Amino acid sequence: MATRHTILTAAAELIIERGYGGASISQITARAGVAAGAVYFHFRSKEGIARALLGLDLLEGVRPRRGPALQEWSDLAVLLARRLDTDPKVRAAPYLAALADSQDGWTSPWPAWRAMVARPLHAAARAGELQTHVQPGAVAELLISAWAGMAGHRTPGTAEQQMRTFLSCCLPGIATPAAAARLEPAPGPASRPGPGPAETAA
């Protein structure tokens, strides 16, 4: 698993720097410091690496705290942005997702990502935490679109602050006054998560 994590991280860094077409297996092996055989042991091809990056658990190693559903959604948004800042594998995923529809054999992660951030919003609606005009699916789409845009920002390491600004603008428009008054700031930065079993096999 450590070797797999190293390969995926190296591939993600190169994809961010040079694009998918500009990142070769030889460059990935050199960046990862492994032999080509190690890459092909874990992945059949560069496409296999891309599919693994698209299948990542974006919240691996971190979870929103328990509490009101809208608090969970707010925390989730900040944690997703923090992973853009701390994990190149996650930062490369939105870029690859934009290519997924044009690549044979690639599964688009957009529906799963939208569903992930929509779940606490639907729960918030059932709990009466959202204003009556708010459509959870539309807000989830907005969040994922903003998050993906943060991944492509030319100044790395700024996604979390951008997300906190986004939430400060968004939450007053979707939360009821009572729910907004109960919201707490998302937790501060935590230690960088390591590899885990949730990284999808190629």
# chains A, B, ... in the order shown; residues from 1 in each chain; ligands from 1
call {"tool": "closest_atom_pairs", "arguments": {"of": "segment 74-119 of chain A", "to": "segment 170-186 of chain A", "cutoff": "12 Å", "atoms": "only C-alpha atoms", "output": "tab-separated table"}}
result
residue	atom	partner	partner_atom	distance
A:Ser74	CA	A:Ala186	CA	6.9
A:Asp75	CA	A:Ala186	CA	5.0
A:Leu76	CA	A:Ala186	CA	8.6
A:Ala77	CA	A:Ala186	CA	9.0
A:Val78	CA	A:Ala186	CA	6.7
A:Leu79	CA	A:Ala186	CA	8.4
A:Leu80	CA	A:Ala186	CA	11.6
A:Ala81	CA	A:Ala186	CA	11.5
A:Arg82	CA	A:Ala186	CA	11.0
call {"tool": "write_last_selection", "arguments": {"atoms": "C-alpha atoms", "output": "PDB file, in the first residue's frame"}}
result
ATOM      1  CA  SER A  74     -20.220  23.146   6.240  1.00  0.00           C
ATOM      2  CA  ASP A  75     -17.479  21.044   7.828  1.00  0.00           C
ATOM      3  CA  LEU A  76     -17.529  18.682   4.851  1.00  0.00           C
ATOM      4  CA  ALA A  77     -16.954  21.567   2.442  1.00  0.00           C
ATOM      5  CA  VAL A  78     -13.952  22.830   4.408  1.00  0.00           C
ATOM      6  CA  LEU A  79     -12.468  19.338   4.731  1.00  0.00           C
ATOM      7  CA  LEU A  80     -12.794  18.777   0.974  1.00  0.00           C
ATOM      8  CA  ALA A  81     -10.987  22.053   0.322  1.00  0.00           C
ATOM      9  CA  ARG A  82      -8.311  21.227   2.874  1.00  0.00           C
TER      10      ARG A  82
END
call {"tool": "residues_around", "arguments": {"residues": "segment 130-146 of chain A", "least_positions_apart": "2", "cutoff": "7 Å", "atoms": "only C-alpha atoms", "output": "PDB file with N, CA and C atoms, in the first residue's frame"}}
result
ATOM      1  N   ARG A 114     -21.376  14.779  -6.174  1.00  0.00           N
ATOM      2  CA  ARG A 114     -22.563  15.588  -5.883  1.00  0.00           C
ATOM      3  C   ARG A 114     -23.427  14.922  -4.816  1.00  0.00           C
ATOM      4  N   VAL A 117     -22.063  15.414  -1.184  1.00  0.00           N
ATOM      5  CA  VAL A 117     -22.300  16.702  -0.524  1.00  0.00           C
ATOM      6  C   VAL A 117     -23.783  17.040  -0.448  1.00  0.00           C
ATOM      7  N   ALA A 118     -24.615  16.310  -1.200  1.00  0.00           N
ATOM      8  CA  ALA A 118     -26.062  16.554  -1.129  1.00  0.00           C
ATOM      9  C   ALA A 118     -26.695  15.871   0.074  1.00  0.00           C
ATOM     10  N   LEU A 121     -27.277  18.002   3.040  1.00  0.00           N
ATOM     11  CA  LEU A 121     -28.222  19.060   2.696  1.00  0.00           C
ATOM     12  C   LEU A 121     -29.655  18.539   2.712  1.00  0.00           C
ATOM     13  N   HIS A 122     -29.875  17.335   2.202  1.00  0.00           N
ATOM     14  CA  HIS A 122     -31.211  16.737   2.271  1.00  0.00           C
ATOM     15  C   HIS A 122     -31.623  16.526   3.727  1.00  0.00           C
ATOM     16  N   ALA A 124     -30.563  18.309   6.215  1.00  0.00           N
ATOM     17  CA  ALA A 124     -30.828  19.644   6.751  1.00  0.00           C
ATOM     18  C   ALA A 124     -32.217  20.129   6.355  1.00  0.00           C
ATOM     19  N   ALA A 125     -32.627  19.809   5.127  1.00  0.00           N
ATOM     20  CA  ALA A 125     -33.966  20.197   4.687  1.00  0.00           C
ATOM     21  C   ALA A 125     -35.035  19.489   5.516  1.00  0.00           C
ATOM     22  N   GLY A 128     -35.538  21.046   8.854  1.00  0.00           N
ATOM     23  CA  GLY A 128     -35.993  22.425   8.879  1.00  0.00           C
ATOM     24  C   GLY A 128     -34.881  23.435   9.026  1.00  0.00           C
ATOM     25  N   ALA A 148     -14.208  22.219  -7.450  1.00  0.00           N
ATOM     26  CA  ALA A 148     -13.399  21.832  -8.599  1.00  0.00           C
ATOM     27  C   ALA A 148     -12.633  23.032  -9.151  1.00  0.00           C
ATOM     28  N   GLY A 149     -13.257  24.196  -9.133  1.00  0.00           N
ATOM     29  CA  GLY A 149     -12.559  25.394  -9.581  1.00  0.00           C
ATOM     30  C   GLY A 149     -11.384  25.741  -8.679  1.00  0.00           C
ATOM     31  N   MET A 150     -11.538  25.515  -7.384  1.00  0.00           N
ATOM     32  CA  MET A 150     -10.444  25.775  -6.446  1.00  0.00           C
ATOM     33  C   MET A 150      -9.256  24.870  -6.727  1.00  0.00           C
ATOM     34  N   ILE A 174     -28.960  30.145   2.462  1.00  0.00           N
ATOM     35  CA  ILE A 174     -29.637  28.847   2.460  1.00  0.00           C
ATOM     36  C   ILE A 174     -30.122  28.427   3.844  1.00  0.00           C
ATOM     37  N   ALA A 175     -29.500  28.902   4.909  1.00  0.00           N
ATOM     38  CA  ALA A 175     -29.865  28.471   6.257  1.00  0.00           C
ATOM     39  C   ALA A 175     -30.979  29.345   6.832  1.00  0.00           C
ATOM     40  N   THR A 176     -31.833  28.747   7.640  1.00  0.00           N
ATOM     41  CA  THR A 176     -32.788  29.542   8.400  1.00  0.00           C
ATOM     42  C   THR A 176     -32.013  30.358   9.435  1.00  0.00           C
TER      43      THR A 176
END
call {"tool": "closest_atom_pairs", "arguments": {"of": "segment 104-150 of chain A", "to": "segment 94-99 of chain A", "cutoff": "9 Å", "atoms": "only C-alpha atoms", "output": "tab-separated table"}}
result
residue	atom	partner	partner_atom	distance
A:Trp106	CA	A:Leu99	CA	8.7
A:Thr107	CA	A:Ala97	CA	8.6
A:Ser108	CA	A:Ala97	CA	6.1
A:Pro109	CA	A:Ala97	CA	6.4
A:Trp110	CA	A:Ala97	CA	7.2
A:Trp147	CA	A:Pro94	CA	8.6
A:Ala148	CA	A:Pro94	CA	5.5
A:Gly149	CA	A:Pro94	CA	8.3
call {"tool": "closest_residue", "arguments": {"among": "A:Val34, A:Ala50, A:Met163, A:Arg65", "to": "Ala92 of chain A", "atoms": "only C-alpha atoms"}}
result
A:Ala50
call {"tool": "residues_around", "arguments": {"residues": "Ala30 of chain A", "least_positions_apart": "2", "cutoff": "12 Å", "atoms": "only C-alpha atoms", "output": "list in words"}}
result
Thr6, Ile7, Ala10, Ala11, Leu14, Ala23, Ser24, Ile25, Ser26, Gln27, Ile28, Ala32, Gly33, Val34, Ala35, Ala36, Ala38 and Val39 of chain A
call {"tool": "write_last_selection", "arguments": {"atoms": "N, CA and C atoms", "output": "PDB file, in the first residue's frame"}}
result
ATOM      1  N   THR A   6       2.725   5.975  -3.035  1.00  0.00           N
ATOM      2  CA  THR A   6       3.823   6.758  -3.601  1.00  0.00           C
ATOM      3  C   THR A   6       3.640   6.937  -5.106  1.00  0.00           C
ATOM      4  N   ILE A   7       3.236   5.884  -5.787  1.00  0.00           N
ATOM      5  CA  ILE A   7       3.026   5.957  -7.236  1.00  0.00           C
ATOM      6  C   ILE A   7       1.882   6.921  -7.560  1.00  0.00           C
ATOM      7  N   ALA A  10       2.986  10.537  -6.960  1.00  0.00           N
ATOM      8  CA  ALA A  10       3.888  11.002  -8.018  1.00  0.00           C
ATOM      9  C   ALA A  10       3.122  11.278  -9.305  1.00  0.00           C
ATOM     10  N   ALA A  11       2.213  10.373  -9.658  1.00  0.00           N
ATOM     11  CA  ALA A  11       1.420  10.561 -10.871  1.00  0.00           C
ATOM     12  C   ALA A  11       0.568  11.812 -10.767  1.00  0.00           C
ATOM     13  N   LEU A  14       2.629  14.981 -11.262  1.00  0.00           N
ATOM     14  CA  LEU A  14       2.982  15.191 -12.669  1.00  0.00           C
ATOM     15  C   LEU A  14       1.780  15.612 -13.495  1.00  0.00           C
ATOM     16  N   ALA A  23       2.208  13.457 -18.755  1.00  0.00           N
ATOM     17  CA  ALA A  23       2.769  12.619 -17.688  1.00  0.00           C
ATOM     18  C   ALA A  23       2.923  11.198 -18.202  1.00  0.00           C
ATOM     19  N   SER A  24       4.152  10.737 -18.341  1.00  0.00           N
ATOM     20  CA  SER A  24       4.406   9.396 -18.859  1.00  0.00           C
ATOM     21  C   SER A  24       4.724   8.426 -17.720  1.00  0.00           C
ATOM     22  N   ILE A  25       4.626   7.146 -18.017  1.00  0.00           N
ATOM     23  CA  ILE A  25       4.969   6.136 -17.019  1.00  0.00           C
ATOM     24  C   ILE A  25       6.428   6.284 -16.583  1.00  0.00           C
ATOM     25  N   SER A  26       7.323   6.565 -17.530  1.00  0.00           N
ATOM     26  CA  SER A  26       8.730   6.716 -17.165  1.00  0.00           C
ATOM     27  C   SER A  26       8.929   7.891 -16.215  1.00  0.00           C
ATOM     28  N   GLN A  27       8.202   8.977 -16.441  1.00  0.00           N
ATOM     29  CA  GLN A  27       8.298  10.125 -15.550  1.00  0.00           C
ATOM     30  C   GLN A  27       7.721   9.797 -14.170  1.00  0.00           C
ATOM     31  N   ILE A  28       6.629   9.039 -14.168  1.00  0.00           N
ATOM     32  CA  ILE A  28       6.004   8.658 -12.899  1.00  0.00           C
ATOM     33  C   ILE A  28       6.938   7.770 -12.089  1.00  0.00           C
ATOM     34  N   ALA A  32       8.451   8.777  -8.513  1.00  0.00           N
ATOM     35  CA  ALA A  32       8.125   7.915  -7.372  1.00  0.00           C
ATOM     36  C   ALA A  32       9.346   7.202  -6.816  1.00  0.00           C
ATOM     37  N   GLY A  33      10.412   7.100  -7.618  1.00  0.00           N
ATOM     38  CA  GLY A  33      11.606   6.393  -7.171  1.00  0.00           C
ATOM     39  C   GLY A  33      11.410   4.886  -7.120  1.00  0.00           C
ATOM     40  N   VAL A  34      10.609   4.364  -8.065  1.00  0.00           N
ATOM     41  CA  VAL A  34      10.355   2.922  -8.120  1.00  0.00           C
ATOM     42  C   VAL A  34      10.660   2.423  -9.524  1.00  0.00           C
ATOM     43  N   ALA A  35      10.773   1.122  -9.654  1.00  0.00           N
ATOM     44  CA  ALA A  35      10.987   0.520 -10.963  1.00  0.00           C
ATOM     45  C   ALA A  35       9.672   0.437 -11.719  1.00  0.00           C
ATOM     46  N   ALA A  36       9.755   0.378 -13.050  1.00  0.00           N
ATOM     47  CA  ALA A  36       8.545   0.281 -13.858  1.00  0.00           C
ATOM     48  C   ALA A  36       7.731  -0.947 -13.476  1.00  0.00           C
ATOM     49  N   ALA A  38       7.205  -2.114 -10.602  1.00  0.00           N
ATOM     50  CA  ALA A  38       6.370  -1.812  -9.437  1.00  0.00           C
ATOM     51  C   ALA A  38       5.091  -1.100  -9.858  1.00  0.00           C
ATOM     52  N   VAL A  39       5.222  -0.208 -10.854  1.00  0.00           N
ATOM     53  CA  VAL A  39       4.035   0.489 -11.352  1.00  0.00           C
ATOM     54  C   VAL A  39       3.072  -0.506 -11.981  1.00  0.00           C
TER      55      VAL A  39
END
call {"tool": "atom_distance", "arguments": {"atom1": "atom CA of Ala115 of chain A", "atom2": "atom CA of Gln162 of chain A"}}
result
21.9 Å
call {"tool": "residues_around", "arguments": {"residues": "Gly105 of chain A", "least_positions_apart": "3", "cutoff": "9 Å", "atoms": "only C-alpha atoms", "output": "ChimeraX atom specification"}}
result
/A:47,51,100
call {"tool": "atom_distance", "arguments": {"atom1": "atom CA of Pro156 of chain A", "atom2": "atom CA of Gly61 of chain A"}}
result
21.1 Å
call {"tool": "atom_distance", "arguments": {"atom1": "atom CA of Trp113 of chain A", "atom2": "atom CA of Cys169 of chain A"}}
result
21.6 Å
call {"tool": "residues_around", "arguments": {"residues": "Ile49 of chain A", "least_positions_apart": "4", "cutoff": "7 Å", "atoms": "only C-alpha atoms", "output": "JSON, numbers by chain"}}
result
{"A": [8, 43, 45, 53, 202]}
